[in-house]
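Shown next: protein_28.cif, given as mmCIF, C-alpha atoms and all ligand atoms.
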```
data_model
loop_
_atom_site.group_PDB
_atom_site.id
_atom_site.type_symbol
_atom_site.label_atom_id
_atom_site.label_comp_id
_atom_site.auth_asym_id
_atom_site.auth_seq_id
_atom_site.Cartn_x
_atom_site.Cartn_y
_atom_site.Cartn_z
ATOM 1 C CA MET J 1 -7.924 1.972 -19.383
ATOM 2 C CA PRO J 2 -8.182 3.904 -22.692
ATOM 3 C CA HIS J 3 -4.769 5.302 -23.618
ATOM 4 C CA THR J 4 -6.091 8.834 -23.887
ATOM 5 C CA ASP J 5 -6.122 8.664 -20.071
ATOM 6 C CA MET J 6 -3.926 11.092 -18.128
ATOM 7 C CA ILE J 7 -2.767 9.686 -14.821
ATOM 8 C CA LEU J 8 -1.654 11.500 -11.643
ATOM 9 C CA VAL J 9 0.304 9.628 -8.960
ATOM 10 C CA ILE J 10 0.204 11.407 -5.568
ATOM 11 C CA GLY J 11 2.979 10.275 -3.220
ATOM 12 C CA ALA J 12 5.223 9.184 -6.088
ATOM 13 C CA ASN J 13 8.416 9.255 -3.970
ATOM 14 C CA GLY J 14 7.055 6.748 -1.471
ATOM 15 C CA GLN J 15 7.406 2.991 -1.093
ATOM 16 C CA ILE J 16 4.413 2.078 -3.289
ATOM 17 C CA GLY J 17 4.447 5.259 -5.391
ATOM 18 C CA SER J 18 7.980 4.924 -6.754
ATOM 19 C CA GLU J 19 7.359 1.391 -8.046
ATOM 20 C CA LEU J 20 3.814 2.002 -9.239
ATOM 21 C CA LEU J 21 4.969 5.104 -11.135
ATOM 22 C CA ALA J 22 7.574 3.097 -13.042
ATOM 23 C CA ALA J 23 5.048 0.369 -13.853
ATOM 24 C CA LEU J 24 2.410 2.869 -15.039
ATOM 25 C CA ARG J 25 4.912 4.730 -17.231
ATOM 26 C CA ASN J 26 6.040 1.442 -18.680
ATOM 27 C CA GLU J 27 2.442 0.465 -19.467
ATOM 28 C CA TYR J 28 0.922 3.774 -20.625
ATOM 29 C CA GLY J 29 3.876 5.983 -21.654
ATOM 30 C CA ILE J 30 6.048 8.488 -19.770
ATOM 31 C CA ASP J 31 4.080 11.595 -20.709
ATOM 32 C CA LYS J 32 0.747 10.078 -19.723
ATOM 33 C CA VAL J 33 1.774 9.664 -16.078
ATOM 34 C CA ILE J 34 2.430 12.737 -13.914
ATOM 35 C CA ALA J 35 4.350 12.151 -10.675
ATOM 36 C CA SER J 36 3.735 14.322 -7.616
ATOM 37 C CA ASP J 37 4.972 14.353 -4.041
ATOM 38 C CA ILE J 38 5.418 16.743 -1.118
ATOM 39 C CA ARG J 39 9.176 16.092 -1.276
ATOM 40 C CA THR J 40 11.516 16.985 -4.139
ATOM 41 C CA PRO J 41 12.293 13.790 -6.021
ATOM 42 C CA GLY J 42 15.693 12.143 -6.254
ATOM 43 C CA LYS J 43 17.543 12.360 -9.555
ATOM 44 C CA GLU J 44 16.220 9.070 -10.908
ATOM 45 C CA LEU J 45 12.559 10.009 -10.427
ATOM 46 C CA ASN J 46 13.135 13.588 -11.583
ATOM 47 C CA ASP J 47 14.710 12.418 -14.840
ATOM 48 C CA SER J 48 12.047 9.782 -15.443
ATOM 49 C CA GLY J 49 9.220 12.110 -16.592
ATOM 50 C CA PRO J 50 6.917 14.975 -15.546
ATOM 51 C CA PHE J 51 6.932 15.800 -11.806
ATOM 52 C CA GLU J 52 4.971 18.338 -9.713
ATOM 53 C CA LEU J 53 5.606 19.276 -6.084
ATOM 54 C CA LEU J 54 2.265 18.820 -4.293
ATOM 55 C CA ASP J 55 0.970 18.847 -0.742
ATOM 56 C CA VAL J 56 -2.308 16.957 -1.159
ATOM 57 C CA LEU J 57 -3.814 18.995 1.705
ATOM 58 C CA ASP J 58 -3.538 22.057 -0.586
ATOM 59 C CA LYS J 59 -6.748 21.561 -2.573
ATOM 60 C CA SER J 60 -6.212 24.465 -4.988
ATOM 61 C CA ALA J 61 -2.722 23.220 -5.852
ATOM 62 C CA LEU J 62 -4.163 19.742 -6.471
ATOM 63 C CA GLU J 63 -6.866 21.222 -8.711
ATOM 64 C CA ARG J 64 -4.337 23.305 -10.664
ATOM 65 C CA ILE J 65 -2.449 20.107 -11.512
ATOM 66 C CA ILE J 66 -5.638 18.196 -12.434
ATOM 67 C CA ARG J 67 -6.626 21.048 -14.800
ATOM 68 C CA ARG J 68 -3.184 21.644 -16.272
ATOM 69 C CA TYR J 69 -2.716 18.008 -17.322
ATOM 70 C CA ARG J 70 -6.428 17.170 -17.838
ATOM 71 C CA ILE J 71 -6.069 14.294 -15.381
ATOM 72 C CA THR J 72 -8.601 11.463 -15.733
ATOM 73 C CA THR J 73 -7.210 8.876 -13.263
ATOM 74 C CA ILE J 74 -5.596 9.447 -9.842
ATOM 75 C CA TYR J 75 -3.550 7.030 -7.724
ATOM 76 C CA HIS J 76 -3.578 8.649 -4.282
ATOM 77 C CA LEU J 77 -0.828 7.079 -2.153
ATOM 78 C CA ALA J 78 0.270 9.894 0.192
ATOM 79 C CA ALA J 79 -0.340 8.843 3.816
ATOM 80 C CA MET J 80 1.157 8.535 7.270
ATOM 81 C CA LEU J 81 1.786 4.875 8.224
ATOM 82 C CA SER J 82 0.702 3.141 11.440
ATOM 83 C CA ALA J 83 3.646 3.580 13.822
ATOM 84 C CA ILE J 84 4.284 7.240 12.932
ATOM 85 C CA ALA J 85 0.584 8.115 13.093
ATOM 86 C CA GLU J 86 0.408 6.663 16.636
ATOM 87 C CA ASN J 87 3.031 9.216 17.644
ATOM 88 C CA LYS J 88 1.277 12.093 15.845
ATOM 89 C CA PRO J 89 -2.406 11.122 15.968
ATOM 90 C CA LEU J 90 -3.983 14.391 14.874
ATOM 91 C CA SER J 91 -1.581 15.070 11.999
ATOM 92 C CA GLY J 92 -1.989 11.435 10.935
ATOM 93 C CA TRP J 93 -5.754 11.803 10.818
ATOM 94 C CA HIS J 94 -5.513 15.203 9.105
ATOM 95 C CA LEU J 95 -3.241 13.931 6.328
ATOM 96 C CA ASN J 96 -4.880 10.557 5.781
ATOM 97 C CA MET J 97 -8.485 11.841 5.784
ATOM 98 C CA GLY J 98 -8.017 15.353 4.456
ATOM 99 C CA GLY J 99 -5.881 14.121 1.560
ATOM 100 C CA LEU J 100 -8.407 11.482 0.528
ATOM 101 C CA LEU J 101 -11.384 13.869 0.758
ATOM 102 C CA ASN J 102 -9.552 16.463 -1.362
ATOM 103 C CA VAL J 103 -8.845 13.828 -4.010
ATOM 104 C CA LEU J 104 -12.404 12.478 -4.040
ATOM 105 C CA GLN J 105 -14.145 15.868 -4.148
ATOM 106 C CA SER J 106 -11.736 17.431 -6.676
ATOM 107 C CA SER J 107 -12.175 14.367 -8.871
ATOM 108 C CA VAL J 108 -15.951 14.831 -8.900
ATOM 109 C CA ASP J 109 -15.679 18.589 -9.480
ATOM 110 C CA LEU J 110 -13.120 18.387 -12.286
ATOM 111 C CA GLY J 111 -14.197 15.275 -14.169
ATOM 112 C CA VAL J 112 -11.542 12.787 -13.013
ATOM 113 C CA SER J 113 -13.299 9.504 -13.644
ATOM 114 C CA ARG J 114 -11.252 6.902 -11.769
ATOM 115 C CA VAL J 115 -9.409 6.888 -8.413
ATOM 116 C CA PHE J 116 -7.210 4.290 -6.704
ATOM 117 C CA TRP J 117 -6.636 4.527 -2.948
ATOM 118 C CA PRO J 118 -4.916 1.945 -0.719
ATOM 119 C CA SER J 119 -6.612 0.696 2.407
ATOM 120 C CA SER J 120 -4.845 -1.752 4.738
ATOM 121 C CA ILE J 121 -5.082 -4.770 7.014
ATOM 122 C CA ALA J 122 -4.999 -2.052 9.701
ATOM 123 C CA ALA J 123 -8.685 -1.336 9.006
ATOM 124 C CA PHE J 124 -9.462 -4.504 11.002
ATOM 125 C CA GLY J 125 -9.332 -4.482 14.795
ATOM 126 C CA LEU J 126 -9.331 -6.348 18.078
ATOM 127 C CA HIS J 127 -12.728 -7.995 17.513
ATOM 128 C CA SER J 128 -12.135 -8.966 13.878
ATOM 129 C CA PRO J 129 -11.402 -12.677 13.370
ATOM 130 C CA ARG J 130 -7.632 -12.983 12.984
ATOM 131 C CA GLN J 131 -7.285 -16.101 10.824
ATOM 132 C CA ASN J 132 -8.346 -16.123 7.198
ATOM 133 C CA THR J 133 -10.151 -12.862 7.903
ATOM 134 C CA ASP J 134 -13.162 -12.486 5.653
ATOM 135 C CA GLN J 135 -14.120 -9.491 3.507
ATOM 136 C CA TRP J 136 -17.188 -8.730 5.655
ATOM 137 C CA VAL J 137 -16.489 -8.953 9.401
ATOM 138 C CA VAL J 138 -16.607 -6.709 12.464
ATOM 139 C CA MET J 139 -14.034 -3.948 12.011
ATOM 140 C CA ASP J 140 -13.001 -1.952 15.078
ATOM 141 C CA PRO J 141 -9.488 -0.556 14.466
ATOM 142 C CA ASN J 142 -7.846 1.080 17.474
ATOM 143 C CA THR J 143 -4.959 2.880 15.760
ATOM 144 C CA VAL J 144 -5.259 6.301 14.113
ATOM 145 C CA TYR J 145 -3.992 4.794 10.877
ATOM 146 C CA GLY J 146 -6.578 2.000 11.026
ATOM 147 C CA ILE J 147 -9.425 4.362 11.910
ATOM 148 C CA SER J 148 -8.478 6.562 8.954
ATOM 149 C CA LYS J 149 -8.390 3.535 6.630
ATOM 150 C CA LEU J 150 -11.808 2.271 7.737
ATOM 151 C CA ALA J 151 -13.355 5.743 7.462
ATOM 152 C CA GLY J 152 -11.625 6.193 4.086
ATOM 153 C CA GLU J 153 -13.189 2.972 2.808
ATOM 154 C CA GLY J 154 -16.589 4.357 3.761
ATOM 155 C CA TRP J 155 -15.893 7.584 1.879
ATOM 156 C CA CYS J 156 -14.706 5.698 -1.223
ATOM 157 C CA ASN J 157 -17.943 3.718 -1.253
ATOM 158 C CA TYR J 158 -19.951 6.904 -0.663
ATOM 159 C CA TYR J 159 -18.366 8.694 -3.639
ATOM 160 C CA PHE J 160 -18.990 5.641 -5.800
ATOM 161 C CA GLU J 161 -22.652 5.323 -4.792
ATOM 162 C CA LYS J 162 -23.638 8.961 -4.517
ATOM 163 C CA LYS J 163 -21.333 10.726 -6.966
ATOM 164 C CA ASN J 164 -20.758 8.004 -9.516
ATOM 165 C CA LEU J 165 -16.954 8.170 -9.102
ATOM 166 C CA ASP J 166 -15.192 4.951 -10.121
ATOM 167 C CA VAL J 167 -13.147 4.484 -6.917
ATOM 168 C CA ARG J 168 -11.212 1.253 -6.410
ATOM 169 C CA SER J 169 -9.215 0.110 -3.413
ATOM 170 C CA LEU J 170 -7.189 -2.756 -1.937
ATOM 171 C CA ARG J 171 -6.542 -3.667 1.702
ATOM 172 C CA PHE J 172 -2.776 -4.008 1.416
ATOM 173 C CA PRO J 173 -0.920 -6.361 3.739
ATOM 174 C CA GLY J 174 2.636 -5.442 4.816
ATOM 175 C CA LEU J 175 4.502 -4.643 1.595
ATOM 176 C CA ILE J 176 8.072 -5.824 1.143
ATOM 177 C CA SER J 177 10.327 -4.046 -1.325
ATOM 178 C CA TYR J 178 13.922 -2.934 -1.844
ATOM 179 C CA LYS J 179 13.707 0.124 -4.134
ATOM 180 C CA THR J 180 12.442 2.686 -1.636
ATOM 181 C CA LEU J 181 12.379 2.297 2.141
ATOM 182 C CA PRO J 182 8.972 2.473 3.820
ATOM 183 C CA GLY J 183 8.468 5.078 6.525
ATOM 184 C CA GLY J 184 7.182 4.107 9.924
ATOM 185 C CA GLY J 185 4.986 1.049 9.477
ATOM 186 C CA THR J 186 4.490 -1.873 11.859
ATOM 187 C CA THR J 187 5.292 -4.390 9.122
ATOM 188 C CA ASP J 188 8.604 -2.638 8.285
ATOM 189 C CA TYR J 189 10.640 -5.129 10.330
ATOM 190 C CA ALA J 190 10.237 -7.500 7.386
ATOM 191 C CA ILE J 191 12.270 -5.029 5.271
ATOM 192 C CA ASP J 192 14.803 -3.850 7.907
ATOM 193 C CA ILE J 193 15.736 -7.457 8.572
ATOM 194 C CA PHE J 194 17.306 -7.840 5.105
ATOM 195 C CA TYR J 195 19.617 -4.832 5.488
ATOM 196 C CA HIS J 196 20.809 -6.060 8.904
ATOM 197 C CA ALA J 197 21.231 -9.618 7.637
ATOM 198 C CA LEU J 198 23.555 -8.435 4.881
ATOM 199 C CA LYS J 199 25.443 -5.886 6.983
ATOM 200 C CA SER J 200 25.939 -7.541 10.365
ATOM 201 C CA LYS J 201 24.246 -10.960 10.133
ATOM 202 C CA HIS J 202 22.122 -10.025 13.131
ATOM 203 C CA TYR J 203 18.746 -8.352 13.630
ATOM 204 C CA THR J 204 16.879 -7.232 16.740
ATOM 205 C CA CYS J 205 13.194 -7.393 15.917
ATOM 206 C CA PHE J 206 10.635 -4.985 17.419
ATOM 207 C CA LEU J 207 7.912 -7.685 17.234
ATOM 208 C CA ARG J 208 7.776 -11.010 19.095
ATOM 209 C CA ALA J 209 9.039 -14.164 17.359
ATOM 210 C CA ASP J 210 5.545 -15.596 16.815
ATOM 211 C CA THR J 211 3.748 -12.481 15.556
ATOM 212 C CA ARG J 212 2.077 -13.568 12.337
ATOM 213 C CA LEU J 213 1.042 -10.908 9.812
ATOM 214 C CA PRO J 214 -0.177 -10.911 6.203
ATOM 215 C CA MET J 215 2.564 -9.746 3.813
ATOM 216 C CA MET J 216 3.147 -9.321 0.076
ATOM 217 C CA TYR J 217 6.165 -8.823 -2.171
ATOM 218 C CA MET J 218 5.986 -5.529 -4.071
ATOM 219 C CA PRO J 219 5.957 -7.023 -7.611
ATOM 220 C CA ASP J 220 2.735 -8.866 -6.677
ATOM 221 C CA ALA J 221 1.254 -5.698 -5.152
ATOM 222 C CA ILE J 222 2.009 -3.596 -8.237
ATOM 223 C CA ARG J 223 0.673 -6.198 -10.654
ATOM 224 C CA GLY J 224 -2.481 -6.613 -8.548
ATOM 225 C CA THR J 225 -3.058 -2.856 -8.487
ATOM 226 C CA LEU J 226 -2.734 -2.582 -12.282
ATOM 227 C CA GLU J 227 -5.009 -5.595 -12.767
ATOM 228 C CA LEU J 228 -7.681 -4.154 -10.488
ATOM 229 C CA MET J 229 -7.564 -0.819 -12.325
ATOM 230 C CA GLN J 230 -7.790 -2.519 -15.746
ATOM 231 C CA THR J 231 -10.866 -4.567 -14.811
ATOM 232 C CA PRO J 232 -14.145 -3.430 -16.441
ATOM 233 C CA ALA J 233 -16.156 -1.390 -13.913
ATOM 234 C CA GLY J 234 -19.101 -3.809 -14.004
ATOM 235 C CA LYS J 235 -16.987 -6.571 -12.468
ATOM 236 C CA ILE J 236 -15.913 -4.555 -9.451
ATOM 237 C CA ASN J 237 -18.320 -5.642 -6.725
ATOM 238 C CA ILE J 238 -16.466 -4.165 -3.750
ATOM 239 C CA ARG J 239 -16.338 -0.381 -3.554
ATOM 240 C CA THR J 240 -15.077 -0.067 0.003
ATOM 241 C CA SER J 241 -11.821 -2.023 -0.387
ATOM 242 C CA TYR J 242 -10.915 -5.573 -1.441
ATOM 243 C CA ASN J 243 -9.169 -8.036 0.878
ATOM 244 C CA PHE J 244 -5.896 -8.626 -0.959
ATOM 245 C CA SER J 245 -3.637 -11.429 0.136
ATOM 246 C CA ALA J 246 -0.427 -13.258 -0.707
ATOM 247 C CA ILE J 247 1.714 -14.751 2.083
ATOM 248 C CA ASN J 248 1.827 -14.572 5.868
ATOM 249 C CA PHE J 249 4.697 -15.308 8.227
ATOM 250 C CA THR J 250 6.206 -14.593 11.657
ATOM 251 C CA PRO J 251 9.577 -12.937 12.371
ATOM 252 C CA GLU J 252 10.885 -16.407 13.292
ATOM 253 C CA GLU J 253 9.801 -17.833 9.933
ATOM 254 C CA ILE J 254 11.307 -15.059 7.804
ATOM 255 C CA ALA J 255 14.535 -15.389 9.844
ATOM 256 C CA SER J 256 14.661 -19.142 9.034
ATOM 257 C CA SER J 257 14.140 -18.402 5.377
ATOM 258 C CA ILE J 258 17.016 -15.859 5.448
ATOM 259 C CA LYS J 259 19.232 -18.438 7.226
ATOM 260 C CA LYS J 260 18.862 -20.730 4.209
ATOM 261 C CA VAL J 261 20.771 -18.107 2.188
ATOM 262 C CA ILE J 262 22.933 -16.577 4.982
ATOM 263 C CA PRO J 263 23.664 -19.496 7.367
ATOM 264 C CA GLY J 264 25.302 -17.329 10.097
ATOM 265 C CA PHE J 265 22.289 -15.030 10.445
ATOM 266 C CA SER J 266 20.800 -14.633 13.935
ATOM 267 C CA ILE J 267 17.817 -12.774 15.369
ATOM 268 C CA ASP J 268 16.646 -11.675 18.812
ATOM 269 C CA TYR J 269 13.474 -9.921 19.927
ATOM 270 C CA LYS J 270 12.765 -6.668 21.792
ATOM 271 C CA PRO J 271 9.060 -5.972 21.290
ATOM 272 C CA ASP J 272 8.024 -2.315 21.619
ATOM 273 C CA PHE J 273 4.715 -0.413 21.194
ATOM 274 C CA ARG J 274 4.325 -1.839 17.687
ATOM 275 C CA GLN J 275 3.631 -5.296 19.176
ATOM 276 C CA ALA J 276 0.172 -4.149 20.318
ATOM 277 C CA ILE J 277 -0.536 -2.663 16.878
ATOM 278 C CA ALA J 278 0.414 -5.948 15.171
ATOM 279 C CA GLU J 279 -1.766 -7.941 17.565
ATOM 280 C CA SER J 280 -4.813 -5.894 16.606
ATOM 281 C CA TRP J 281 -4.429 -6.908 12.945
ATOM 282 C CA PRO J 282 -5.310 -10.156 11.103
ATOM 283 C CA GLU J 283 -2.744 -12.946 10.804
ATOM 284 C CA SER J 284 -4.033 -14.016 7.404
ATOM 285 C CA MET J 285 -6.665 -12.793 4.968
ATOM 286 C CA ASN J 286 -9.362 -14.352 2.823
ATOM 287 C CA ASP J 287 -9.301 -12.702 -0.611
ATOM 288 C CA THR J 288 -11.872 -14.915 -2.356
ATOM 289 C CA GLN J 289 -13.760 -11.875 -3.652
ATOM 290 C CA ALA J 290 -10.687 -10.424 -5.421
ATOM 291 C CA ARG J 291 -9.994 -13.852 -6.950
ATOM 292 C CA ALA J 292 -13.597 -14.165 -8.143
ATOM 293 C CA ASP J 293 -14.119 -10.619 -9.447
ATOM 294 C CA TRP J 294 -10.818 -9.910 -11.209
ATOM 295 C CA ASN J 295 -8.928 -13.169 -11.060
ATOM 296 C CA TRP J 296 -6.339 -12.143 -8.447
ATOM 297 C CA HIS J 297 -3.547 -14.574 -7.567
ATOM 298 C CA SER J 298 -0.140 -13.920 -6.008
ATOM 299 C CA GLU J 299 3.113 -15.366 -7.330
ATOM 300 C CA TYR J 300 5.833 -15.046 -4.677
ATOM 301 C CA ASP J 301 6.047 -17.381 -1.691
ATOM 302 C CA LEU J 302 8.246 -16.602 1.332
ATOM 303 C CA ASP J 303 11.457 -18.278 0.100
ATOM 304 C CA ALA J 304 11.186 -16.816 -3.426
ATOM 305 C CA MET J 305 10.644 -13.341 -1.999
ATOM 306 C CA VAL J 306 13.559 -13.666 0.457
ATOM 307 C CA LYS J 307 15.940 -14.838 -2.270
ATOM 308 C CA ASP J 308 14.958 -12.023 -4.598
ATOM 309 C CA MET J 309 15.200 -9.354 -1.846
ATOM 310 C CA LEU J 310 18.690 -10.506 -0.772
ATOM 311 C CA GLN J 311 19.953 -10.563 -4.361
ATOM 312 C CA HIS J 312 18.702 -7.051 -5.113
ATOM 313 C CA ILE J 313 19.817 -5.439 -1.841
ATOM 314 C CA GLU J 314 23.266 -6.987 -2.123
ATOM 315 C CA ARG J 315 23.656 -5.358 -5.545
HETATM 316 N N1 LIG J 401 2.352 -1.598 6.283
HETATM 317 C C1 LIG J 401 1.434 -0.759 7.004
HETATM 318 C C2 LIG J 401 1.941 -0.402 8.337
HETATM 319 O O1 LIG J 401 2.629 -1.218 8.916
HETATM 320 C C3 LIG J 401 0.110 -1.439 7.156
HETATM 321 O O2 LIG J 401 -0.716 -1.088 6.102
HETATM 322 O O3 LIG J 401 1.657 0.642 8.818
#
```
How does this structure look as structure tokens?
Amino acid sequence: MPHTDMILVIGANGQIGSELLAALRNEYGIDKVIASDIRTPGKELNDSGPFELLDVLDKSALERIIRRYRITTIYHLAAMLSAIAENKPLSGWHLNMGGLLNVLQSSVDLGVSRVFWPSSIAAFGLHSPRQNTDQWVVMDPNTVYGISKLAGEGWCNYYFEKKNLDVRSLRFPGLISYKTLPGGGTTDYAIDIFYHALKSKHYTCFLRADTRLPMMYMPDAIRGTLELMQTPAGKINIRTSYNFSAINFTPEEIASSIKKVIPGFSIDYKPDFRQAIAESWPESMNDTQARADWNWHSEYDLDAMVKDMLQHIER
């Protein structure tokens, strides 16, 4: 990315946004990266550089910000996650689709040249193969979140092909991090579990013991995102969204890994509606294309991630 670039992060207070913002500011300079979110930021984010309040569904407000800062690259991260969107289907669709379309069209109209947008393992569905799921398979999501991700991938590809917009995307697995809590995802048990382990040495999991899902530690996710965005455009062969993989585990397996550090830790299981969501998603992903096109590889395995999470949350 040339350093004359001006970057806008939409959803900068969120789980991915807060960490990506810090990494981008570190890489490109504080004044080159504008943070925005629908919620007023906490003190740390507010003091860390330029911030704009923005509801991404307000297209004129978005365009005012793009013009004011002469934005050339957008990271659009504002979305409603799977479990919450199942409880508010129409608002989930409205935010996830409307927000993306505003970003794509405003980018074309105002000369933003590059856009990053996260897709998800949720774009797969009940008839997708569940093990080592390939880049190109049947995709029939049956959650609002998943439907919006699959449709969003189609729109990203459309804007690339028809409007020449350099859109890039990753199908994120469940992301595990300690800086900002996620809001309402099906994979969130793998974050909650750490807080309960440290506080009460016990966790009641909302998924069954053997529910395997693809996961990734946030430092890997942030590095991968930056690497994808720094790759020369000619090497990006996937314009819908790349399969993007690191580790996969079950609640039982992450609990055993935690027990290695906190021997008295125990877990029991009370599956709720999120069990069906998890069972419609892959257990593991094949990310050969990301490895081939831009040399992707993850660094953290389950035990390394668990150790690092426990150390940071304890602090
Ligand atoms: N982590 C997300 C969720 O559980 C999946 O992309 O909703």
(Q) Assuming the chain letters and numbering stay as they are in my file, what does the PyMOL selection byres (((not hetatm)) within 10 of (chain J and resi 401)) actually select? List them as a PyMOL selection string. (A) chain J and resi 79-86+118-123+143+145-146+149+171-176+182-190+213-216+274+277-278+281
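The shortest atom-to-atom distance to J:His312, with all atoms listed in the file taken into account, belongs to J:Ser177 out of J:Leu101, J:Ser177, J:His94, J:Asn132.
Excluding stretch 8-11 of chain J and any residue on its chain fewer than 6 positions from it, the residues at most 9 Å away by all atoms listed in the file are Gly17, Ser18, Leu20, Leu21, Lys32, Val33, Ile34, Ala35, Ser36, Asp37, Ile38, Arg39, Leu54, Asp55, Val56, Ile65, Ile66, Tyr69, Ile71, Thr72, Thr73, Ile74, Tyr75, His76, Leu77, Ala78 and Ala79 of chain J.
Candidate residues J:Tyr217, J:Ser280, J:Ala292, J:Tyr269 were compared for distance to J:Val306, and the nearest is J:Tyr217, using all atoms listed in the file.
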Q: Would you mind telling me which residue in J:Pro141, J:Ser200, J:Tyr158, J:Arg208 lies nearest to J:Lys270 when using all atoms listed in the file?
A: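 Closest to J:Lys270, using all atoms listed in the file: J:Arg208.
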(Q) Between atom CA of J:Gly234 and atom CA of J:Ala290, what distance in Å does the model show, to one decimal? (A) 13.7 Å
Q.
List as a ChimeraX atom specification the protein and nucleic acid residues near J:Phe160, meaning an atom at most 12 Å away when all atoms listed in the file are counted, but skip any in the same chain fewer than 3 places from it.
A. /J:104-105,107-108,113-116,153-157,163-169,233,236-241
Q.
From (-11.2, -12.2, -5.8), in the file's coordinates, out to 10 Å: which residues are reached, counting only C-alpha atoms? Answer as a VMD selection string.
A. chain J and resid 228 236 to 238 242 to 245 286 to 297
